[in-house]
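Since the structure comes first, as structure tokens, the remarks are kept for the end.
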Protein chains: 2
Amino acid sequence: MNDHVHATAELTKNQSLVMGALARSDGPLSAYTILDQLRDNGFRAPLQVYRALDKLVEFGLVHRLESLNAFVACRHPGCDGHETIAFMICERCRVVNELTDGALANRLAHLAVDAGFALKKTTIELRGICRVCQAA
Amino acid sequence: MNDHVHATAELTKNQSLVMGALARSDGPLSAYTILDQLRDNGFRAPLQVYRALDKLVEFGLVHRLESLNAFVACRHPGCDGHETIAFMICERCRVVNELTDGALANRLAHLAVDAGFALKKTTIELRGICRVCQAA
DNA sequence: CGCATTGCGTAACGGTATAACGTGTGCGAT
DNA sequence: ATCGCACACGTTATACCGTTACGCAATGCG
């Protein structure tokens, strides 16, 4: 079994349910919103959600948005290179766009090296108004 | 009176107290930690802290670290150009370094323009181990 | 004066996340 | 086979983070 690719089939029941909720959703969901959506599936406590989320994030299937305290299913094309991802979050319609950019990642890596900083994880979240909402 | 420069003297009593707590601290403080530190000064409720923090952030004297749910006094040299700041957060010693980089800011601005995204605020937080802690 | 604005104090609450238990199941090593 | 271990799971309780709603006091200004 592959160590790094996690198909739906490899997930536990709870992980699948949480993944499904996020995949169905247009935008980010909070852990408690997920909990509410899964009550009919037997979910009763936050920890059931958080434990599943921890694993899904670890697998790279889900991202945590720090500035929203919420989670999104990874929509990254090909779902690879989860190192340096930037999120553009529309404050009007809540849509989240996920993007990677080599120049950006390189610049950050360079800054870290310069500072002698052993980089483990980067959080980049851009807040603003998306193209669609500006037109409206 | 200047619209953009906020010396300590211009702050209200509560704002000064909160600012003082952050300035004294080596690292980031949570709102509730600040509250506890200021109980002897008459602070009794979270709101007193949050209201002061809101203003201090607005003035650019304090930054919020989204990934920590905590706040730091601005240590930016000259304390100007609060547009695009990156934070390097050591997960071992909790020290936070604040830095700005033109190339980084430009790249982000460029990405936003490309996407037709009206950028309002950027959050960049790098987690890792600082030089000092690596040596130890 | 009348009125708007701003800061402040208090209480209550809602949202986010984890600690500390204990249970069950699969599976490799002895 | 059975012991021990790792792992997912369930439950309760609790800690931590942030806001809503209310009322009052001081200030500035037409």
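Chain labels A, B, ... are given in the sequence in which chains occur in the structure tokens; within each chain residues are numbered consecutively from 1, and ligands are likewise numbered from 1 in the order shown.
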Checklist line | DSSP strand (DSSP E) residues within segment 22-101 of chain B, listed as a PyMOL selection string | finding: chain B and resi 62-65+70-73+86-90+96-99
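Applying a distance limit of 12 Å to only C-alpha atoms (C1' of nucleotides), the residues of chain C near chain B read DT6, DG7, DC8, DG9, DT10, DA11, DA12, DT16 and DA17 of chain C.
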Resulting file, chosen residues, C-alpha atoms (C1' of nucleotides), as a JSON list (two decimals), in the first residue's frame:
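Final output, out_4.json:
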[["chain", "number", "residue", "atom", "x", "y", "z"],
["C", 6, "DT", "C1'", -16.30, 57.09, 21.68],
["C", 7, "DG", "C1'", -14.57, 54.57, 25.51],
["C", 8, "DC", "C1'", -15.66, 51.96, 29.44],
["C", 9, "DG", "C1'", -17.77, 48.09, 32.76],
["C", 10, "DT", "C1'", -20.52, 43.94, 33.44],
["C", 11, "DA", "C1'", -22.93, 39.80, 32.49],
["C", 12, "DA", "C1'", -24.03, 36.26, 29.71],
["C", 16, "DT", "C1'", -13.13, 26.58, 19.17],
["C", 17, "DA", "C1'", -10.17, 22.97, 20.87]]
Checklist line | Straight-line distance linking atom CA of Ala135 of chain A with atom CA of Ala86 of chain A, stated in Å to one decimal | finding: 23.1 Å
So that each row is one residue of chain B with an atom at most 9 Å from chain D, can you give its shortest atom pair and the distance in Å to one decimal, using only C-alpha atoms (C1' of nucleotides), rows by chain and rising number, as CSV?
residue,atom,partner,partner_atom,distance
B:Ser30,CA,D:DC17,C1',8.8
B:Ala31,CA,D:DC17,C1',8.1
B:Tyr32,CA,D:DC17,C1',8.1
B:Pro46,CA,D:DG18,C1',8.3
B:Leu47,CA,D:DT19,C1',8.5
B:Tyr50,CA,D:DG18,C1',8.3
B:Asn69,CA,D:DC17,C1',7.7
Note to self: Using only C-alpha atoms and a cut-off of 12 Å, which residues of chain B sit close to chain A? Please list them as JSON, numbers by chain.
What the structure shows: {"B": [64, 65, 66, 67, 68, 69, 70, 83, 84, 85, 86, 87, 88, 89, 90, 91, 92, 95, 96, 97, 98, 99, 100, 101, 102, 103, 104, 105, 106, 107, 108, 109, 110, 111, 112, 113, 114, 115, 116, 117, 118, 119, 120, 121, 122, 123, 124, 125, 126, 127, 128, 129, 130, 131, 132, 133, 134, 135]}
Note to self: I need the residues in chain A that are helix (DSSP H, G or I) according to DSSP; give them as a PyMOL selection string.
What the structure shows: chain A and resi 8-10+13-24+31-37+39-41+46-59+77-79+102-114+131-135
